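Visitor: I am attaching a structure below and will ask some questions about it afterwards.
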Amino acid sequence: MTQYLRDLSDFRKEEMDDFLASFDTVLTDCDGVLWFENTPLEGSVEVINRLKELGKKVFLVTNNCNSTVNQYMNKINTFGLHVAEDEIIFPSLVAASYFREQNFRKKAYILASSAFKEIFESNGIICSSDVGPDHAVKTIRDLANELQDLDEEVGAVVIDFDMNINFIKMMKAVFHLKNPDCLFVAGGVDVRVPSQSGLSILGPGCFISPIEEVSGRKALVTGKPSVLVKEFISKIHPIKPERTLMIGDMISTDMQLGTNCGFQKLLVLSGGTKFEDLKEDNTNLPHYYLKTLGDLLPLLPII
């Protein structure tokens with residue numbers, strides 16, 4: 001299992017049998033691996049269902065907190081993917097679990113989606129900020145006045161994907177973080193988010209870094225590639241790192257998570273990574289790769 005960059009589609013039957021026998025748990029990314037937005041990638045759903053039939057425990061591990069749990073379940077059911085609600089892992093769930101462990105009783109100032117906020121509120125976390133856009137300020141004096149009137153009950157700043165992020169929101173986050181007791185948590189840290197249309201969208205990582213720089217604080221990451229993801233799943237299902245397979249399409253999040261946690265790593269080239277990109281990151285090379293996850297289907301035994 002120490003050889004890197006092996007193409008699984010070239011495996012003989014004996015090699016595939018050894019590969020399948022080497023792991024019990026599968027963590028898989030969603031966007032770019034199983035589907036693009038509302039379109040499933042050919043054969044990918046069938047691969048996950050087959051792995052479950054073979055006795056593997058499967059978790060969907062996504063950094064995308066823009067859909068509610070119900071919306072994810074509707075999508076999964078429409079695609080025919082046999083995954084239960086407690087097998088879907090979001091950064092918002094990991095963050096909410098962290099706040100419970102900290103016995104957090106204050107308000108959270110969040111820069112995130114309505115779905116992220118819904119997860120927090122369903123876990124009893126009061127959010128001080130609206131999800132929509134904050135008004136703009138025109139002068140430094142206006143900015144100073146805004147920052148003098150912040151909610152003193154805020155005890156945490158939480159940043160994830162926020163399509164309404166702007167200067168005033170970021171500055172409010174910075175000023176809340178001037179309090180050393182204020183928690184600082186990030187969900188996903190993706191710098192770019194690929195879409196089905198081919199458009200690369202600015203990810204939350206673009207905004208986390210400047211807030212860290214100006215505030216002098218470092219965010220606790222609750223999405224991939226943080227080991228907190230593994231620790232959260234371990235509360236649901238026992239994880240043996242050497243017998244866990246991480247499947248993903250991004251080196252900086254999926255493969256980095258595998259490296260951080262000691263997982264086996266399978267990279268699929270159907271999403272945000274091209275084969276030539278592997279030359280740029282020797283630290284997080286996958287053990288295996290495939291053009292698409294669906295290419296694995298004809299190699300799997302039928303139960």
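Ligands are numbered from 1 in the order shown, chains are lettered A, B, ... in the order of the structure tokens, and residues start at 1 in each chain.
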Name the residues in contact with region 185-195 of chain A at a cut-off of 6 Å, using only C-alpha atoms, excluding same-chain residues fewer than 3 positions from it; report them as a PyMOL selection string.
Guide: chain A and resi 63+91+158-160+198-206+219-223
Visitor: Could you pull out the residues in region 36-263 of chain A that DSSP calls alpha helix (DSSP H) from the backbone, as a VMD selection string?
Guide: chain A and resid 44 to 53 69 to 79 91 to 101 114 to 122 140 to 147 167 to 176 205 to 215 228 to 234 256 to 261
Visitor: Just want the 9 Å neighbourhood of region 239-243 of chain A, counted on only C-alpha atoms, with same-chain residues fewer than 3 positions away dropped. Output as an MDAnalysis selection string.
Guide: chainID A and resid 21:26 230:231 233:234 258 261:264
Visitor: What would the file look like if the residues just selected were written as a short mmCIF file (atom, residue, chain, number, x, y, z; two decimals), in the first residue's frame with C-alpha atoms?
Guide:
data_model
loop_
_atom_site.label_atom_id
_atom_site.label_comp_id
_atom_site.auth_asym_id
_atom_site.auth_seq_id
_atom_site.Cartn_x
_atom_site.Cartn_y
_atom_site.Cartn_z
CA ALA A 21 -9.84 -6.27 1.37
CA SER A 22 -7.59 -3.44 2.56
CA PHE A 23 -10.31 -1.06 3.78
CA ASP A 24 -13.55 -1.19 5.78
CA THR A 25 -14.58 2.48 5.72
CA VAL A 26 -14.98 4.86 2.78
CA LYS A 230 -12.14 12.22 11.35
CA GLU A 231 -12.72 12.84 15.06
CA ILE A 233 -16.94 10.58 12.34
CA SER A 234 -15.19 8.49 15.00
CA GLY A 258 -6.19 11.63 3.72
CA CYS A 261 -5.40 11.32 8.95
CA GLY A 262 -3.28 8.50 7.53
CA PHE A 263 -5.98 7.23 5.15
CA GLN A 264 -5.55 5.46 1.86
#
Visitor: What does the distance from CA of Thr62 (chain A) to CA of Asp29 (chain A) come to in Å, to one decimal?
Guide: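 Separating CA of Thr62 (chain A) from CA of Asp29 (chain A) is a distance of 5.4 Å.
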Visitor: Hey, which of A:Phe167, A:Ser122, A:Ser252, A:Pro298 ends up closest to Leu143 (chain A)? Count only C-alpha atoms.
Guide: A:Phe167
Visitor: Identify, on the basis of only C-alpha atoms, every residue whose closest approach to Ala136 (chain A) does not exceed 12 Å; exclude the query and any residue fewer than 6 positions from it along the same chain; express the result as a list in words.
Guide: Asp142, Leu143, Glu146, Asn164, Ile165, Asn166, Phe167, Ile168, Lys169, Met170 and Met171 of chain A
Visitor: Separation of CA of Gln71 (chain A) and CA of Leu257 (chain A), in Å?
Guide: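 Atom-to-atom, CA of Gln71 (chain A) and CA of Leu257 (chain A) are spaced 25.4 Å apart.
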Visitor: What's the 12 Å shell around Arg6 (chain A), counting only C-alpha atoms, without same-chain residues fewer than 3 positions away, as a VMD selection string?
Guide: chain A and resid 1 to 3 9 to 11 15 to 16 19 265 to 268 285 to 291
Visitor: With only C-alpha atoms as the counted atoms, please give the residues lying no more than 7 Å from region 44-50 of chain A, apart from itself and same-chain residues fewer than 6 positions off, as a list in words.
Guide: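 The residues that qualify are Leu34, Leu81, His82, Leu293, Gly294, Leu296 and Leu297 of chain A.
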Visitor: Just want the 8 Å neighbourhood of Cys65 (chain A), counted on only C-alpha atoms, with same-chain residues fewer than 4 positions away dropped. Output as a list in words.
Guide: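 Skipping anything fewer than 4 positions along the chain leaves Phe90, Pro91, Ser92, Ser113, Ala115, Phe116, Asp160 and Phe161 of chain A.
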